[in-house]
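Read through the structure below, which is laid out as structure tokens, and then see the notes.
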Amino acid sequence: MKTSETILCAVAAVALVAIIVWVTRLKTRGFTKILINSLAGGALICGLSAFNIIALPFNLLNALIVGILGLPGAGIVIAAAFLL
């Protein structure tokens, strides 16, 4: 692996652990908000891919990233798609 890929994987792993810890500490109200935002994020990814604007893999992790982080999360997913 290249150094940049190793750093990207480490940052992604730390972010994933932080998100999992944060989600498990939320109450039910926060969980439903994340669920709704994740569904909206999945719809955004699906819409961008359907209209051939950009080819993004549609999976649960990408939907959660976009749902939790919003537009900056979409930017992260797009940047990761271009880098990998």
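Convention: chains lettered A, B, ... in structure tokens order; per-chain residue numbering from 1; ligands numbered from 1 as shown.
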Exercise for the section: Write out as a ChimeraX atom specification all residues of chain A that backbone DSSP assigns to helix (DSSP H, G or I). Expected result: /A:3-25,28-50,60-69,71-83
Handout entry: Who sits within 12 Å of Ile20 of chain A, only C-alpha atoms, same chain under 2 positions skipped, as a ChimeraX atom specification
Key = /A:13-18,22-26,31,34,61,64-65,68
Exercise for the section: Name the closest residue to Gly42 of chain A among the candidates A:Val66, A:Ile54, A:Leu71, A:Leu84; distances are taken between atoms, counting only C-alpha atoms. Expected result: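 The answer is A:Val66, which sits nearest to Gly42 of chain A.
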Exercise for the section: Find the spatial neighbours of Phe82 of chain A, counting only C-alpha atoms, within a cut-off of 10 Å - ignore same-chain residues fewer than 6 positions away - and output them as a ChimeraX atom specification. Expected result: /A:54-56,76
Go ahead and write the selection's residues with C-alpha atoms as an mmCIF file, in the first residue's frame.
data_model
loop_
_atom_site.group_PDB
_atom_site.id
_atom_site.type_symbol
_atom_site.label_atom_id
_atom_site.label_comp_id
_atom_site.auth_asym_id
_atom_site.auth_seq_id
_atom_site.Cartn_x
_atom_site.Cartn_y
_atom_site.Cartn_z
ATOM 1 C CA ILE A 54 -20.601 10.730 -10.934
ATOM 2 C CA ALA A 55 -20.225 6.993 -10.423
ATOM 3 C CA LEU A 56 -20.433 6.338 -6.685
ATOM 4 C CA ILE A 76 -15.678 12.935 1.390
#
Handout entry: Two-atom distance - atom CA of Ala81 of chain A, atom CA of Lys2 of chain A (Å)
Key = 16.5 Å
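Coordinates place atom CA of Phe51 of chain A at a distance of 17.1 Å from atom CA of Val77 of chain A.
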Practice task
Check the smallest atom-to-atom distance from each of A:Leu48, A:Gly67, A:Pro57, A:Asn62 to Lys33 of chain A using only C-alpha atoms, then report the winner.
Solution key: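 Using only C-alpha atoms, the shortest distance to Lys33 of chain A belongs to A:Gly67.
Here the question is which of A:Leu35, A:Ala50, A:Leu44, A:Leu69 gets nearest to Ile19 of chain A using only C-alpha atoms, and that residue is A:Leu69.
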Problem - Two-atom distance - atom CA of Ile36 of chain A, atom CA of Leu8 of chain A (Å) - result: 27.5 Å
